[in-house]
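Raw my_file.cif, mmCIF, C-alpha atoms and all ligand atoms:
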```
data_target
#
loop_
_atom_site.label_atom_id
_atom_site.label_comp_id
_atom_site.auth_asym_id
_atom_site.auth_seq_id
_atom_site.Cartn_x
_atom_site.Cartn_y
_atom_site.Cartn_z
CA VAL A 316 -4.90 -10.38 -1.08
CA GLU A 317 -6.59 -7.13 -0.30
CA ASP A 318 -8.15 -5.51 -3.36
CA PRO A 319 -6.90 -3.02 -4.47
CA ALA A 320 -3.28 -3.83 -3.58
CA TYR A 321 0.29 -2.85 -4.44
CA PRO A 322 0.79 -4.20 -8.03
CA PRO A 323 4.36 -5.61 -7.79
CA ILE A 324 3.23 -7.89 -4.94
CA LEU A 325 0.40 -9.18 -7.13
CA GLU A 326 2.84 -9.78 -10.00
CA LEU A 327 5.32 -11.50 -7.72
CA LEU A 328 2.68 -13.82 -6.28
CA ARG A 329 1.27 -14.62 -9.74
CA ALA A 330 4.79 -15.39 -10.99
CA ARG A 331 5.13 -17.87 -8.11
CA GLY A 332 1.93 -19.60 -9.20
CA VAL A 333 -0.09 -18.36 -6.22
CA ARG A 334 -3.85 -18.29 -6.83
CA LEU A 335 -5.06 -14.85 -5.80
CA VAL A 336 -8.44 -14.08 -4.27
CA GLY A 337 -9.38 -10.44 -3.64
CA ILE A 338 -10.76 -9.18 -0.33
CA PRO A 339 -12.17 -5.63 -0.64
CA ARG A 340 -10.18 -2.95 1.12
CA LEU A 341 -12.52 -0.68 3.12
CA ASP A 342 -11.99 2.59 4.99
CA ASP A 343 -10.74 0.73 8.09
CA GLY A 344 -8.77 -2.08 6.42
CA PRO A 345 -9.54 -5.38 4.70
CA ASP A 346 -13.23 -6.36 4.75
CA THR A 347 -13.27 -8.96 7.55
CA GLU A 348 -16.85 -10.02 6.76
CA ALA A 349 -15.90 -10.84 3.17
CA LEU A 350 -12.86 -12.71 4.48
CA ALA A 351 -14.99 -14.68 6.97
CA ARG A 352 -17.40 -15.60 4.14
CA LEU A 353 -14.50 -16.74 1.96
CA LEU A 354 -13.12 -18.87 4.79
CA LYS A 355 -16.42 -20.75 4.96
CA ARG A 356 -15.98 -21.79 1.32
CA ARG A 357 -12.24 -22.11 0.85
CA ARG A 358 -9.04 -22.79 2.64
CA ILE A 359 -6.54 -19.98 2.27
CA ARG A 360 -2.81 -20.18 2.98
CA ALA A 361 -2.04 -16.53 3.56
CA LEU A 362 -3.39 -12.99 3.51
CA TYR A 363 -1.22 -10.14 2.19
CA THR A 364 -2.15 -6.74 3.60
CA ASN A 365 -0.56 -3.29 3.81
CA THR A 366 -1.55 -2.06 7.29
CA THR A 367 -0.83 1.67 7.47
CA LEU A 368 -1.55 4.38 4.85
CA GLN A 369 -2.15 1.63 2.32
CA ASN A 370 -0.92 1.70 -1.26
CA PRO A 371 -3.11 2.59 -3.20
CA THR A 372 -6.08 3.77 -1.07
CA GLY A 373 -4.26 5.67 1.70
CA THR A 374 -6.40 3.92 4.35
CA THR A 375 -5.13 2.55 7.66
CA THR A 376 -6.31 -0.66 9.32
CA SER A 377 -8.16 0.04 12.58
CA ALA A 378 -7.35 -1.79 15.82
CA THR A 379 -10.74 -3.58 15.68
CA VAL A 380 -10.13 -4.87 12.15
CA GLY A 381 -6.51 -5.72 12.98
CA ARG A 382 -7.55 -7.87 15.96
CA HIS A 383 -10.29 -9.51 13.92
CA LEU A 384 -7.84 -10.43 11.12
CA VAL A 385 -5.43 -12.01 13.59
CA ASP A 386 -8.31 -13.91 15.29
CA LEU A 387 -9.38 -15.27 11.88
CA ALA A 388 -5.78 -16.24 11.03
CA GLN A 389 -5.43 -18.13 14.30
CA ALA A 390 -8.81 -19.82 14.01
CA HIS A 391 -8.38 -20.83 10.35
CA HIS A 392 -4.63 -21.45 10.37
CA PHE A 393 -3.45 -19.05 7.69
CA ALA A 394 -0.50 -16.65 7.74
CA ILE A 395 -0.79 -12.88 7.51
CA ILE A 396 1.95 -11.13 5.57
CA GLU A 397 1.80 -7.68 7.08
CA ASP A 398 3.51 -5.14 4.82
CA ASP A 399 3.88 -2.08 7.06
CA ILE A 400 6.27 -0.05 4.96
CA PHE A 401 4.47 3.26 5.59
CA SER A 402 4.11 2.97 9.39
CA GLU A 403 6.73 5.62 10.14
CA LEU A 404 4.98 8.12 7.89
CA ALA A 405 1.80 8.02 9.99
CA PRO A 406 1.19 11.06 12.20
CA GLU A 407 0.21 8.81 15.11
CA LYS A 408 1.51 5.42 16.23
CA ILE A 409 -0.50 2.60 14.63
CA THR A 410 -0.42 -0.79 16.37
CA PRO A 411 0.84 -3.36 13.85
CA LEU A 412 -1.13 -6.59 13.35
CA ALA A 413 1.91 -8.48 14.64
CA ALA A 414 1.27 -6.99 18.08
CA TYR A 415 -2.08 -8.83 18.31
CA ASP A 416 -0.45 -12.15 17.47
CA ASP A 417 1.56 -14.57 19.60
CA GLY A 418 4.34 -14.80 17.01
CA THR A 419 2.83 -17.72 15.12
CA HIS A 420 0.68 -16.25 12.35
CA VAL A 421 1.84 -12.75 11.37
CA LEU A 422 5.00 -12.04 9.34
CA HIS A 423 5.69 -8.35 9.72
CA VAL A 424 7.61 -6.89 6.78
CA SER A 425 8.96 -3.39 6.33
CA SER A 426 11.87 -1.44 4.90
CA ILE A 427 13.61 1.91 4.93
CA SER A 428 12.66 2.65 1.33
CA LYS A 429 10.05 5.27 2.24
CA THR A 430 12.00 6.97 5.02
CA ILE A 431 15.70 6.86 4.05
CA ALA A 432 16.27 5.60 0.48
CA PRO A 433 14.82 2.86 -1.75
CA SER A 434 18.21 2.38 -3.44
CA LEU A 435 19.84 1.01 -0.27
CA ARG A 436 17.57 -2.07 -0.58
CA VAL A 437 17.43 -2.68 3.15
CA GLY A 438 14.33 -4.11 4.76
CA TYR A 439 13.40 -6.44 7.56
CA VAL A 440 11.01 -9.23 8.53
CA LEU A 441 9.81 -9.91 12.06
CA VAL A 442 8.72 -13.51 12.57
CA GLY A 443 8.16 -15.87 15.47
CA LYS A 444 10.58 -18.64 16.33
CA ALA A 445 8.60 -21.22 14.37
CA GLN A 446 9.12 -19.46 11.01
CA HIS A 447 12.59 -18.12 11.72
CA ALA A 448 14.64 -20.90 10.09
CA ALA A 449 12.41 -21.00 6.98
CA VAL A 450 12.69 -17.23 6.47
CA ILE A 451 16.49 -17.29 6.88
CA ARG A 452 16.72 -20.15 4.36
CA LEU A 453 14.52 -18.31 1.85
CA LYS A 454 16.48 -15.09 2.28
CA THR A 455 19.77 -16.91 1.75
CA LEU A 456 18.42 -18.65 -1.34
CA SER A 457 16.94 -15.53 -2.91
CA ALA A 458 19.64 -12.96 -2.06
CA LEU A 459 22.65 -15.03 -0.94
CA ALA A 460 24.17 -12.23 1.13
CA SER A 461 22.76 -8.76 1.50
CA SER A 462 25.02 -5.71 1.12
CA GLU A 463 26.90 -5.01 4.33
CA LEU A 464 27.72 -1.54 3.05
CA SER A 465 24.00 -0.71 2.65
CA GLU A 466 23.27 -2.15 6.08
CA ARG A 467 26.03 -0.08 7.71
CA ILE A 468 24.80 3.11 6.01
CA THR A 469 21.27 2.31 7.20
CA TYR A 470 22.46 1.62 10.74
CA GLY A 471 24.34 4.93 10.73
CA ALA A 472 21.26 6.83 9.56
CA LEU A 473 18.86 5.13 11.98
CA THR A 474 21.02 5.66 15.03
CA GLN A 475 21.79 9.32 14.64
CA PRO A 476 19.64 11.87 16.52
CA LEU A 477 18.80 13.67 13.28
CA TYR A 478 16.76 10.67 12.15
CA ARG A 479 13.83 11.51 14.49
CA ARG A 480 13.88 15.12 13.27
CA HIS A 481 13.97 13.92 9.66
CA LEU A 482 10.91 11.70 10.30
CA SER A 483 8.95 14.52 11.94
CA SER A 484 9.68 16.82 9.05
CA LEU A 485 8.81 14.12 6.49
CA ARG A 486 5.47 13.45 8.22
CA ARG A 487 4.64 17.15 8.43
CA ARG A 488 5.47 17.82 4.77
CA LEU A 489 3.57 14.76 3.61
CA GLY A 490 0.52 15.62 5.76
CA ASP A 491 0.50 19.17 4.33
CA SER A 492 0.82 17.84 0.77
CA GLN A 493 -2.01 15.38 1.38
CA GLN A 494 -4.39 18.16 2.35
CA ARG A 495 -3.37 20.46 -0.51
CA VAL A 496 -3.62 17.66 -3.11
CA GLN A 497 -7.04 16.59 -1.76
CA ASP A 498 -8.20 20.22 -2.17
CA THR A 499 -6.88 20.36 -5.75
CA LEU A 500 -8.53 17.06 -6.71
CA LEU A 501 -11.87 17.96 -5.12
CA ALA A 502 -11.82 21.39 -6.76
CA ASN A 503 -11.47 19.61 -10.12
CA GLY A 504 -14.44 17.32 -9.53
CA VAL A 505 -12.46 14.21 -8.53
CA GLU A 506 -14.39 11.92 -6.18
CA LEU A 507 -12.20 10.64 -3.36
CA ALA A 508 -12.93 7.18 -1.96
CA HIS A 509 -11.23 8.03 1.37
CA ARG A 510 -9.89 11.12 3.08
CA PRO A 511 -6.59 10.07 4.68
CA THR A 512 -4.93 12.57 7.01
CA SER A 513 -1.46 11.71 5.77
CA GLY A 514 0.55 9.29 3.67
CA MET A 515 1.43 9.22 0.01
CA PHE A 516 -1.75 8.08 -1.69
CA LEU A 517 -5.23 9.06 -2.75
CA TRP A 518 -7.75 6.87 -4.54
CA GLY A 519 -9.99 8.91 -6.78
CA ARG A 520 -12.48 8.82 -9.64
CA LEU A 521 -12.28 11.44 -12.39
CA PRO A 522 -15.45 13.23 -13.45
CA SER A 523 -14.72 12.70 -17.16
CA GLN A 524 -16.78 10.20 -19.17
CA ALA A 525 -13.79 9.31 -21.35
CA SER A 526 -12.41 5.79 -21.24
CA VAL A 527 -9.55 4.81 -18.95
CA GLY A 528 -7.23 4.32 -21.96
CA ARG A 529 -8.07 7.70 -23.40
CA LEU A 530 -7.61 9.51 -20.07
CA TRP A 531 -4.31 7.74 -19.50
CA GLN A 532 -3.04 8.83 -22.96
CA ASP A 533 -4.24 12.40 -22.54
CA ALA A 534 -2.60 12.61 -19.11
CA LEU A 535 0.66 11.26 -20.50
CA GLN A 536 0.63 13.90 -23.21
CA ALA A 537 0.15 16.51 -20.50
CA GLY A 538 3.24 15.16 -18.70
CA VAL A 539 1.31 13.21 -16.05
CA LEU A 540 1.73 9.46 -15.53
CA LEU A 541 -1.57 8.27 -14.05
CA ALA A 542 -1.87 4.92 -12.26
CA PRO A 543 -5.10 3.17 -13.39
CA GLY A 544 -7.12 1.24 -10.81
CA GLU A 545 -7.18 -1.99 -12.81
CA SER A 546 -3.44 -2.53 -12.22
CA PHE A 547 -4.13 -2.69 -8.48
CA ARG A 548 -6.82 -5.35 -8.78
CA THR A 549 -6.28 -9.01 -8.08
CA ASP A 550 -8.12 -10.01 -11.27
CA GLY A 551 -7.22 -7.01 -13.49
CA ARG A 552 -10.93 -6.16 -14.00
CA ALA A 553 -11.72 -2.65 -15.29
CA SER A 554 -11.86 -0.01 -12.58
CA PRO A 555 -12.96 3.63 -12.64
CA TRP A 556 -10.49 4.49 -9.85
CA TRP A 557 -7.02 6.01 -10.14
CA ARG A 558 -4.19 6.20 -7.65
CA PHE A 559 -2.64 9.60 -7.02
CA ASN A 560 0.78 9.82 -5.37
CA VAL A 561 0.71 13.15 -3.55
CA ALA A 562 4.50 13.44 -3.74
CA HIS A 563 4.15 13.97 -7.51
CA CYS A 564 0.94 15.97 -7.67
CA GLU A 565 2.04 19.49 -6.86
CA ASP A 566 4.07 20.66 -9.83
CA GLY A 567 0.99 22.09 -11.59
CA ALA A 568 0.86 19.52 -14.42
CA LEU A 569 -1.84 17.39 -12.76
CA ALA A 570 -4.06 20.38 -11.91
CA LYS A 571 -3.74 21.57 -15.52
CA PHE A 572 -4.62 18.14 -16.89
CA LEU A 573 -7.60 17.74 -14.53
CA ALA A 574 -8.96 21.14 -15.50
CA SER A 575 -8.76 20.12 -19.18
CA ALA A 576 -10.34 16.65 -18.67
CA ARG A 577 -13.86 17.95 -18.21
CA PRO A 578 -16.95 15.76 -18.11
CA GLY A 579 -18.61 15.43 -21.47
CA ASP A 580 -15.44 14.48 -23.32
CA PRO A 581 -16.50 12.07 -26.07
CA PRO A 582 -15.84 8.47 -25.02
CA GLY A 583 -12.53 7.45 -26.59
CA LEU A 584 -11.46 4.12 -27.97
CA ASP A 585 -9.11 1.92 -25.95
C1 LIG B 601 3.02 -1.32 -0.21
C2 LIG B 601 4.44 -1.43 -0.65
N1 LIG B 601 5.15 -2.50 -0.30
C3 LIG B 601 6.43 -2.66 -0.69
C4 LIG B 601 7.05 -1.70 -1.46
C5 LIG B 601 8.46 -1.96 -1.93
O1 LIG B 601 9.37 -1.63 -0.97
P1 LIG B 601 10.93 -1.80 -1.18
O2 LIG B 601 11.40 -0.69 -2.06
O3 LIG B 601 11.48 -1.68 0.21
O4 LIG B 601 11.15 -3.14 -1.78
C6 LIG B 601 6.36 -0.56 -1.85
C7 LIG B 601 7.01 0.46 -2.68
O5 LIG B 601 6.40 1.39 -3.14
C8 LIG B 601 5.02 -0.43 -1.43
O6 LIG B 601 4.29 0.64 -1.81
#
```
In structure tokens, what does this structure look like?
Amino acid sequence: VEDPAYPPILELLRARGVRLVGIPRLDDGPDTEALARLLKRRRIRALYTNTTLQNPTGTTTSATVGRHLVDLAQAHHFAIIEDDIFSELAPEKITPLAAYDDGTHVLHVSSISKTIAPSLRVGYVLVGKAQHAAVIRLKTLSALASSELSERITYGALTQPLYRRHLSSLRRRLGDSQQRVQDTLLANGVELAHRPTSGMFLWGRLPSQASVGRLWQDALQAGVLLAPGESFRTDGRASPWWRFNVAHCEDGALAKFLASARPGDPPGLD
């Protein structure tokens, strides 16, 4: 699993008894050198990765890294679970990892939660013929039947001409928000690990010396729910990083909190 990664996936895998090993997420995707080193020592069954505008770092996997990951999966016989839920929010078309594969190693997963509505609970998996029956069986076992009503609403939304216009406007608004929120964070001394051009997330380190617990409490009191880096880690180790969701960063509360959380605050108790 890339590290940091989307927390509910980590929880889900842990609940299923999966042993997680973290692969650092770099500016251009999962660290393929670290993965290659791991493969020399251990056999892995699968790699979970969020290709485009990753949650939580905002980074996008480059074509070079994408090809390398698929080569490693084919050479070492492991599956790649490609979560590409943010692909339609990217300003330019990003080639999914599945496109580098011959349909045997990559399971491409996405949904309409970020573009139409999370409450419809409609998503999709693209798999090769070999995994098709197993995926259908698992889907039937875990959800019995999905909601036809939700699927019809989704179909209606996806097939109307307005959908393309909606996507363009969503991308433009998100890209603009990204830049404004980056400016606000930088102006308040936040160090940004990456500088994504779009997408929902930013991964930053606050200038304050206060503990993570203290900052989290202070933020909450100021009306801001901060997402601490440790919840995105495969092993839950302490992390100085925080995830910022740009869609919730522009109502003034965050800027006010950041301005008040100056360096030199006495270290608090967790
Ligand atoms: C990386 C990632 N994968 C999956 C999901 C969940 O998607 P869905 O609502 O379609 O289950 C999210 C939601 O935020 C996400 O950020």
Protein and nucleic residues near ligand LIG 601 (chain B), 10 Å, all atoms listed in the file, as a count of residues only: 35
Could you give me the axis-aligned bounding box of range 403-421 of chain A, with 5 Å of padding per side, as centre plus edge lengths in Å to one decimal, as JSON?
```
{"center_x": 2.3, "center_y": -3.3, "center_z": 13.7, "size_x": 18.8, "size_y": 38.8, "size_z": 21.7}
```
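In terms of minimum interatomic distance to Arg486 in chain A, A:Pro406 ranks closest within A:Gly332, A:Gly443, A:Gly418, A:Pro406, counting only C-alpha atoms.
Comparing the minimum interatomic distances between Pro319 in chain A and each of A:Arg356, A:Arg334, A:Arg340, A:Lys408, counting only C-alpha atoms, we find that A:Arg340 sits nearest.
Minimum distance to Thr499 in chain A across A:Arg331, A:Arg352, A:Lys571, A:His420 (counting all atoms listed in the file) occurs at A:Lys571.
Among the candidate residues A:Asp550, A:Glu545, A:Asp386, A:Asp498, the one lying nearest to Ala351 in chain A is A:Asp386, with distances computed using all atoms listed in the file.
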